[in-house]
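*Asks:* The structure file final_18.csv (CSV, N, CA and C atoms) is provided below.
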```csv
chain,number,residue,atom,x,y,z
G,1,GLU,N,0.8,-1.2,0.0
G,1,GLU,CA,0.0,0.0,0.0
G,1,GLU,C,0.9,1.3,0.0
G,2,LYS,N,2.0,1.2,0.7
G,2,LYS,CA,2.8,2.4,0.7
G,2,LYS,C,3.3,2.7,-0.7
G,3,GLN,N,3.7,1.7,-1.4
G,3,GLN,CA,4.2,1.9,-2.8
G,3,GLN,C,3.1,2.6,-3.6
G,4,ALA,N,1.8,2.1,-3.4
G,4,ALA,CA,0.7,2.6,-4.2
G,4,ALA,C,0.5,4.1,-3.8
G,5,MET,N,0.6,4.4,-2.6
G,5,MET,CA,0.4,5.8,-2.2
G,5,MET,C,1.5,6.7,-2.7
G,6,LEU,N,2.7,6.2,-2.8
G,6,LEU,CA,3.8,7.0,-3.4
G,6,LEU,C,3.6,7.2,-4.9
G,7,GLU,N,3.1,6.2,-5.5
G,7,GLU,CA,2.8,6.3,-7.0
G,7,GLU,C,1.6,7.3,-7.2
G,8,ILE,N,0.6,7.2,-6.4
G,8,ILE,CA,-0.6,8.1,-6.5
G,8,ILE,C,-0.2,9.5,-6.3
G,9,THR,N,0.6,9.8,-5.3
G,9,THR,CA,1.0,11.2,-4.9
G,9,THR,C,2.2,11.7,-5.7
G,10,SER,N,2.9,10.8,-6.5
G,10,SER,CA,4.1,11.2,-7.2
G,10,SER,C,3.8,12.4,-8.1
G,11,MET,N,2.6,12.4,-8.7
G,11,MET,CA,2.4,13.5,-9.7
G,11,MET,C,2.3,14.9,-9.0
G,12,LEU,N,2.2,14.9,-7.7
G,12,LEU,CA,2.2,16.2,-6.9
G,12,LEU,C,3.6,16.6,-6.6
G,13,HIS,N,4.6,15.7,-6.7
G,13,HIS,CA,6.0,16.0,-6.3
G,13,HIS,C,6.5,17.3,-6.8
G,14,HIS,N,6.4,17.5,-8.1
G,14,HIS,CA,7.0,18.7,-8.8
G,14,HIS,C,6.2,20.0,-8.6
G,15,THR,N,4.9,19.8,-8.6
G,15,THR,CA,4.0,21.0,-8.6
G,15,THR,C,3.5,21.4,-7.2
G,16,MET,N,3.3,20.4,-6.3
G,16,MET,CA,2.8,20.7,-4.9
G,16,MET,C,3.5,19.7,-3.9
G,17,PRO,N,4.8,19.8,-3.7
G,17,PRO,CA,5.5,18.9,-2.8
G,17,PRO,C,4.9,18.9,-1.4
G,18,THR,N,4.5,20.1,-0.9
G,18,THR,CA,3.9,20.2,0.4
G,18,THR,C,2.7,19.4,0.5
G,19,VAL,N,1.8,19.5,-0.5
G,19,VAL,CA,0.6,18.7,-0.5
G,19,VAL,C,0.9,17.2,-0.5
G,20,GLN,N,1.8,16.9,-1.3
G,20,GLN,CA,2.2,15.4,-1.4
G,20,GLN,C,2.6,15.0,0.0
G,21,GLN,N,3.5,15.7,0.6
G,21,GLN,CA,4.0,15.3,2.0
G,21,GLN,C,2.8,15.2,3.0
G,22,ARG,N,1.9,16.2,2.9
G,22,ARG,CA,0.8,16.2,3.9
G,22,ARG,C,-0.1,15.0,3.6
G,23,ILE,N,-0.3,14.6,2.4
G,23,ILE,CA,-1.1,13.4,2.1
G,23,ILE,C,-0.4,12.2,2.6
G,24,MET,N,0.9,12.1,2.4
G,24,MET,CA,1.6,10.9,2.9
G,24,MET,C,1.6,10.9,4.4
G,25,ASP,N,1.8,12.0,5.0
G,25,ASP,CA,1.8,12.1,6.5
G,25,ASP,C,0.4,11.6,7.1
G,26,ARG,N,-0.7,12.1,6.4
G,26,ARG,CA,-2.0,11.6,6.9
G,26,ARG,C,-2.2,10.1,6.7
G,27,TRP,N,-1.7,9.6,5.6
G,27,TRP,CA,-1.8,8.2,5.3
G,27,TRP,C,-1.0,7.4,6.3
G,28,LEU,N,0.2,7.9,6.6
G,28,LEU,CA,1.0,7.2,7.6
G,28,LEU,C,0.4,7.2,9.0
G,29,GLU,N,-0.3,8.3,9.3
G,29,GLU,CA,-1.0,8.4,10.6
G,29,GLU,C,-2.1,7.3,10.6
G,30,TYR,N,-2.8,7.1,9.5
G,30,TYR,CA,-3.8,6.1,9.3
G,30,TYR,C,-3.2,4.7,9.5
G,31,GLU,N,-2.2,4.5,8.7
G,31,GLU,CA,-1.5,3.1,8.7
G,31,GLU,C,-1.0,2.7,10.1
G,32,HIS,N,-0.4,3.7,10.8
G,32,HIS,CA,0.2,3.4,12.1
G,32,HIS,C,-0.6,3.7,13.3
G,33,GLY,N,-1.7,4.4,13.1
G,33,GLY,CA,-2.6,4.8,14.2
G,33,GLY,C,-2.0,5.8,15.1
G,34,THR,N,-1.2,6.7,14.6
G,34,THR,CA,-0.5,7.7,15.4
G,34,THR,C,-1.3,8.9,15.7
G,35,SER,N,-2.5,9.1,15.2
G,35,SER,CA,-3.3,10.2,15.5
G,35,SER,C,-4.7,9.7,15.8
G,36,ALA,N,-5.5,10.5,16.5
G,36,ALA,CA,-6.9,10.1,16.8
G,36,ALA,C,-7.7,10.0,15.5
G,37,GLU,N,-7.4,10.9,14.6
G,37,GLU,CA,-8.1,10.8,13.3
G,37,GLU,C,-7.8,9.6,12.5
G,38,GLY,N,-6.5,9.2,12.5
G,38,GLY,CA,-6.0,8.0,11.8
G,38,GLY,C,-6.6,6.8,12.4
G,39,ARG,N,-6.7,6.7,13.7
G,39,ARG,CA,-7.3,5.6,14.4
G,39,ARG,C,-8.8,5.4,14.1
G,40,VAL,N,-9.5,6.6,14.1
G,40,VAL,CA,-11.0,6.5,13.7
G,40,VAL,C,-11.2,6.0,12.3
G,41,VAL,N,-10.4,6.6,11.4
G,41,VAL,CA,-10.5,6.2,10.0
G,41,VAL,C,-10.2,4.7,9.8
G,42,LYS,N,-9.2,4.2,10.6
G,42,LYS,CA,-8.9,2.7,10.5
G,42,LYS,C,-10.1,1.9,11.0
G,43,GLU,N,-10.7,2.4,12.1
G,43,GLU,CA,-11.9,1.7,12.6
G,43,GLU,C,-13.0,1.7,11.6
G,44,LEU,N,-13.2,2.9,11.0
G,44,LEU,CA,-14.3,3.0,10.0
G,44,LEU,C,-14.0,2.1,8.8
G,45,ASP,N,-12.7,1.9,8.5
G,45,ASP,CA,-12.3,0.9,7.4
G,45,ASP,C,-12.7,-0.5,7.8
G,46,LYS,N,-12.5,-0.9,9.0
G,46,LYS,CA,-13.0,-2.2,9.5
G,46,LYS,C,-14.5,-2.3,9.5
G,47,LEU,N,-15.2,-1.2,9.9
G,47,LEU,CA,-16.6,-1.3,9.9
G,47,LEU,C,-17.1,-1.4,8.4
G,48,GLU,N,-16.5,-0.7,7.5
G,48,GLU,CA,-17.0,-0.8,6.1
G,48,GLU,C,-16.8,-2.2,5.6
G,49,MET,N,-15.7,-2.9,6.0
G,49,MET,CA,-15.5,-4.2,5.6
G,49,MET,C,-16.6,-5.1,6.0
G,50,VAL,N,-17.0,-5.0,7.3
G,50,VAL,CA,-18.1,-5.9,7.8
G,50,VAL,C,-19.5,-5.5,7.2
G,51,ILE,N,-19.6,-4.2,6.9
G,51,ILE,CA,-20.9,-3.8,6.2
G,51,ILE,C,-21.0,-4.5,4.9
G,52,GLN,N,-19.8,-4.5,4.1
G,52,GLN,CA,-19.8,-5.2,2.8
G,52,GLN,C,-20.0,-6.7,3.0
G,53,ALA,N,-19.4,-7.3,4.0
G,53,ALA,CA,-19.6,-8.7,4.3
G,53,ALA,C,-21.1,-9.0,4.6
G,54,GLU,N,-21.7,-8.2,5.4
G,54,GLU,CA,-23.1,-8.4,5.7
G,54,GLU,C,-24.0,-8.3,4.4
G,55,GLU,N,-23.7,-7.3,3.6
G,55,GLU,CA,-24.5,-7.1,2.3
G,55,GLU,C,-24.3,-8.3,1.4
G,56,TYR,N,-23.1,-8.8,1.3
G,56,TYR,CA,-22.8,-9.9,0.4
G,56,TYR,C,-23.4,-11.2,1.0
G,57,GLU,N,-23.3,-11.4,2.3
G,57,GLU,CA,-23.9,-12.5,3.0
G,57,GLU,C,-25.4,-12.5,2.8
G,58,SER,N,-26.0,-11.4,3.0
G,58,SER,CA,-27.5,-11.3,2.8
G,58,SER,C,-27.9,-11.6,1.4
G,59,ASP,N,-27.1,-11.1,0.4
G,59,ASP,CA,-27.5,-11.3,-1.0
G,59,ASP,C,-27.3,-12.8,-1.5
G,60,THR,N,-26.2,-13.4,-0.9
G,60,THR,CA,-25.8,-14.7,-1.4
G,60,THR,C,-26.2,-15.9,-0.5
G,61,GLY,N,-26.4,-15.6,0.8
G,61,GLY,CA,-26.6,-16.7,1.7
G,61,GLY,C,-25.3,-17.4,2.1
G,62,ILE,N,-24.2,-16.9,1.7
G,62,ILE,CA,-22.9,-17.5,2.1
G,62,ILE,C,-22.5,-17.0,3.4
G,63,ASP,N,-22.2,-17.9,4.3
G,63,ASP,CA,-21.8,-17.5,5.7
G,63,ASP,C,-20.4,-16.8,5.7
G,64,LEU,N,-20.4,-15.6,6.1
G,64,LEU,CA,-19.1,-14.8,6.1
G,64,LEU,C,-18.7,-14.4,7.6
G,65,SER,N,-19.0,-15.3,8.5
G,65,SER,CA,-18.7,-15.0,9.9
G,65,SER,C,-17.3,-14.7,10.2
G,66,GLN,N,-16.4,-15.2,9.4
G,66,GLN,CA,-14.9,-15.0,9.6
G,66,GLN,C,-14.6,-13.5,9.5
G,67,PHE,N,-15.4,-12.8,8.7
G,67,PHE,CA,-15.1,-11.3,8.5
G,67,PHE,C,-15.5,-10.5,9.8
G,68,PHE,N,-16.4,-11.1,10.6
G,68,PHE,CA,-16.8,-10.4,11.8
G,68,PHE,C,-16.0,-10.8,13.0
G,69,GLN,N,-15.4,-11.9,13.0
G,69,GLN,CA,-14.6,-12.4,14.1
G,69,GLN,C,-13.4,-11.5,14.5
G,70,GLY,N,-13.4,-11.1,15.7
G,70,GLY,CA,-12.3,-10.3,16.2
G,70,GLY,C,-12.3,-8.8,15.8
G,71,VAL,N,-13.4,-8.4,15.2
G,71,VAL,CA,-13.5,-6.9,14.8
G,71,VAL,C,-13.8,-6.1,16.1
G,72,GLU,N,-14.8,-6.5,16.8
G,72,GLU,CA,-15.2,-5.6,17.9
G,72,GLU,C,-14.1,-5.3,18.9
G,73,PRO,N,-13.3,-6.2,19.3
G,73,PRO,CA,-12.2,-5.8,20.3
G,73,PRO,C,-11.2,-4.8,19.7
G,74,LYS,N,-11.2,-4.7,18.4
G,74,LYS,CA,-10.3,-3.7,17.8
G,74,LYS,C,-10.9,-2.3,17.7
G,75,LEU,N,-12.2,-2.2,18.0
G,75,LEU,CA,-12.8,-0.9,18.0
G,75,LEU,C,-12.8,-0.2,19.3
G,76,SER,N,-12.4,1.0,19.4
G,76,SER,CA,-12.4,1.7,20.6
G,76,SER,C,-13.3,3.0,20.6
G,77,HIS,N,-13.5,3.5,19.4
G,77,HIS,CA,-14.3,4.7,19.3
G,77,HIS,C,-15.8,4.4,19.6
G,78,ALA,N,-16.4,5.0,20.5
G,78,ALA,CA,-17.7,4.7,21.0
G,78,ALA,C,-18.8,4.6,19.9
G,79,THR,N,-18.7,5.6,19.0
G,79,THR,CA,-19.7,5.7,17.9
G,79,THR,C,-19.5,4.5,16.9
G,80,VAL,N,-18.3,4.3,16.5
G,80,VAL,CA,-18.0,3.2,15.6
G,80,VAL,C,-18.4,1.9,16.2
G,81,LYS,N,-18.1,1.7,17.5
G,81,LYS,CA,-18.4,0.5,18.2
G,81,LYS,C,-20.0,0.3,18.2
G,82,SER,N,-20.7,1.4,18.5
G,82,SER,CA,-22.2,1.3,18.5
G,82,SER,C,-22.7,1.0,17.1
G,83,TRP,N,-22.1,1.5,16.1
G,83,TRP,CA,-22.6,1.1,14.7
G,83,TRP,C,-22.3,-0.3,14.4
G,84,TYR,N,-21.1,-0.8,14.9
G,84,TYR,CA,-20.8,-2.2,14.7
G,84,TYR,C,-21.8,-3.1,15.4
G,85,ARG,N,-22.2,-2.8,16.7
G,85,ARG,CA,-23.1,-3.5,17.4
G,85,ARG,C,-24.5,-3.5,16.8
G,86,ALA,N,-24.9,-2.4,16.2
G,86,ALA,CA,-26.2,-2.3,15.5
G,86,ALA,C,-26.2,-3.2,14.3
G,87,LEU,N,-25.0,-3.2,13.6
G,87,LEU,CA,-24.9,-4.1,12.4
G,87,LEU,C,-25.0,-5.6,12.9
G,88,GLN,N,-24.4,-5.9,14.0
G,88,GLN,CA,-24.5,-7.3,14.5
G,88,GLN,C,-25.9,-7.7,14.8
G,89,LEU,N,-26.6,-6.7,15.5
G,89,LEU,CA,-28.0,-7.0,15.8
G,89,LEU,C,-28.9,-7.2,14.5
G,90,GLN,N,-28.6,-6.4,13.5
G,90,GLN,CA,-29.3,-6.5,12.2
G,90,GLN,C,-29.0,-7.8,11.6
G,91,ARG,N,-27.7,-8.2,11.6
G,91,ARG,CA,-27.3,-9.5,11.0
G,91,ARG,C,-27.9,-10.6,11.7
G,92,THR,N,-28.0,-10.6,13.1
G,92,THR,CA,-28.6,-11.7,13.8
G,92,THR,C,-30.1,-11.8,13.5
G,93,ALA,N,-30.7,-10.7,13.4
G,93,ALA,CA,-32.2,-10.7,13.1
G,93,ALA,C,-32.4,-11.3,11.7
G,94,ARG,N,-31.6,-10.8,10.8
G,94,ARG,CA,-31.7,-11.3,9.4
G,94,ARG,C,-31.5,-12.8,9.3
G,95,LYS,N,-30.4,-13.3,10.0
G,95,LYS,CA,-30.1,-14.7,10.0
G,95,LYS,C,-31.2,-15.5,10.6
G,96,ARG,N,-31.8,-15.0,11.7
G,96,ARG,CA,-32.9,-15.7,12.4
G,96,ARG,C,-34.1,-15.7,11.4
G,97,ALA,N,-34.4,-14.6,10.7
G,97,ALA,CA,-35.5,-14.6,9.8
G,97,ALA,C,-35.3,-15.6,8.6
G,98,ASP,N,-34.0,-15.6,8.1
G,98,ASP,CA,-33.7,-16.5,7.0
G,98,ASP,C,-33.9,-17.9,7.4
G,99,SER,N,-33.5,-18.3,8.7
G,99,SER,CA,-33.6,-19.7,9.1
G,99,SER,C,-35.0,-20.1,9.3
G,100,THR,N,-35.9,-19.2,9.7
G,100,THR,CA,-37.3,-19.6,9.8
G,100,THR,C,-38.1,-19.6,8.5
G,101,ALA,N,-37.5,-18.9,7.5
G,101,ALA,CA,-38.2,-18.9,6.2
G,101,ALA,C,-37.9,-20.1,5.4
G,102,THR,N,-36.8,-20.8,5.7
G,102,THR,CA,-36.5,-22.0,4.9
G,102,THR,C,-37.0,-23.3,5.6
```
Would you encode the structure as structure tokens?

*Replies:*
Amino acid sequence: EKQAMLEITSMLHHTMPTVQQRIMDRWLEYEHGTSAEGRVVKELDKLEMVIQAEEYESDTGIDLSQFFQGVEPKLSHATVKSWYRALQLQRTARKRADSTAT
């Protein structure tokens, strides 16, 4: 991913080197969790992954529990954690309804 970010921002090197550096700095904060903002974005990234898994699981009926395992302990931001728990409740209700429909 770092190589990809360097390639993406390389076009800024000659015209806007300060902007290129700021983008790379923010990305590194995200990658390493060295700022509050970076940590929240990292948590939102995990949440987005399980939202996609829930949508795919709902559409296909394929069990994607492995995508949900171990996510909640990695979440510390109260709002992100509450959204994750709401998704889990929605998923549980959907699975319960699916099992009674078949």

*Asks:* Running DSSP on the backbone, which parts of region 8-98 of chain G land in helix (DSSP H, G or I), as a PyMOL selection string?

*Replies:* chain G and resi 8-12+17-32+36-60+65-68+72-74+78-98

*Asks:* Hey, can you check how far CA of Gln88 (chain G) sits from CA of Thr34 (chain G)?

*Replies:* 28.3 Å

*Asks:* Work out how far apart CA of Leu6 (chain G) and CA of His32 (chain G) are and give it in Å to one decimal.

*Replies:*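 Value for the CA of Leu6 (chain G)-CA of His32 (chain G) distance: 16.3 Å.
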
*Asks:* Of the candidates G:Thr9, G:Thr60, G:Thr15, G:Ser76, which shows the shortest atom-to-atom distance to Glu43 (chain G), using all atoms listed in the file?

*Replies:*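 Distance minimum relative to Glu43 (chain G) lands on G:Ser76.
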
*Asks:* Could you tell me how far CA of Asp63 (chain G) lies from CA of Leu87 (chain G), in Å and to one decimal?

*Replies:*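 CA of Asp63 (chain G) sits 15.3 Å away from CA of Leu87 (chain G).
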
*Asks:* My list of candidates is G:Met5, G:Ala86, G:Leu75, G:Ala97. Which is closest to Lys42 (chain G) when distances are computed with only C-alpha atoms?

*Replies:*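 Going through G:Met5, G:Ala86, G:Leu75, G:Ala97 one by one, the smallest distance to Lys42 (chain G) is for G:Leu75.
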
*Asks:* Skipping near chain neighbours, those fewer than 4 positions away, what residues fall within 9 Å of Lys2 (chain G) using only C-alpha atoms, listed as number ranges by chain?

*Replies:* G: 6-7, 24, 27-28

*Asks:* With all atoms listed in the file as the basis for distance, which of G:Lys95, G:Arg85, G:His13, G:Arg26 is at the shortest distance from Glu72 (chain G)?

*Replies:*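 Among the listed residues, G:Arg85 lies closest to Glu72 (chain G).
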
*Asks:* Check the smallest atom-to-atom distance from each of G:Leu89, G:Val71, G:Thr100, G:Asp59 to Lys46 (chain G) using all atoms listed in the file, then report the winner.

*Replies:* G:Val71

*Asks:* Do you know which residues are at most 10 Å from Ser58 (chain G) counting only C-alpha atoms, after dropping those on the same chain fewer than 5 positions away, and could you put them as a ChimeraX atom specification?

*Replies:* /G:52-53,63-64,91,94-95,98
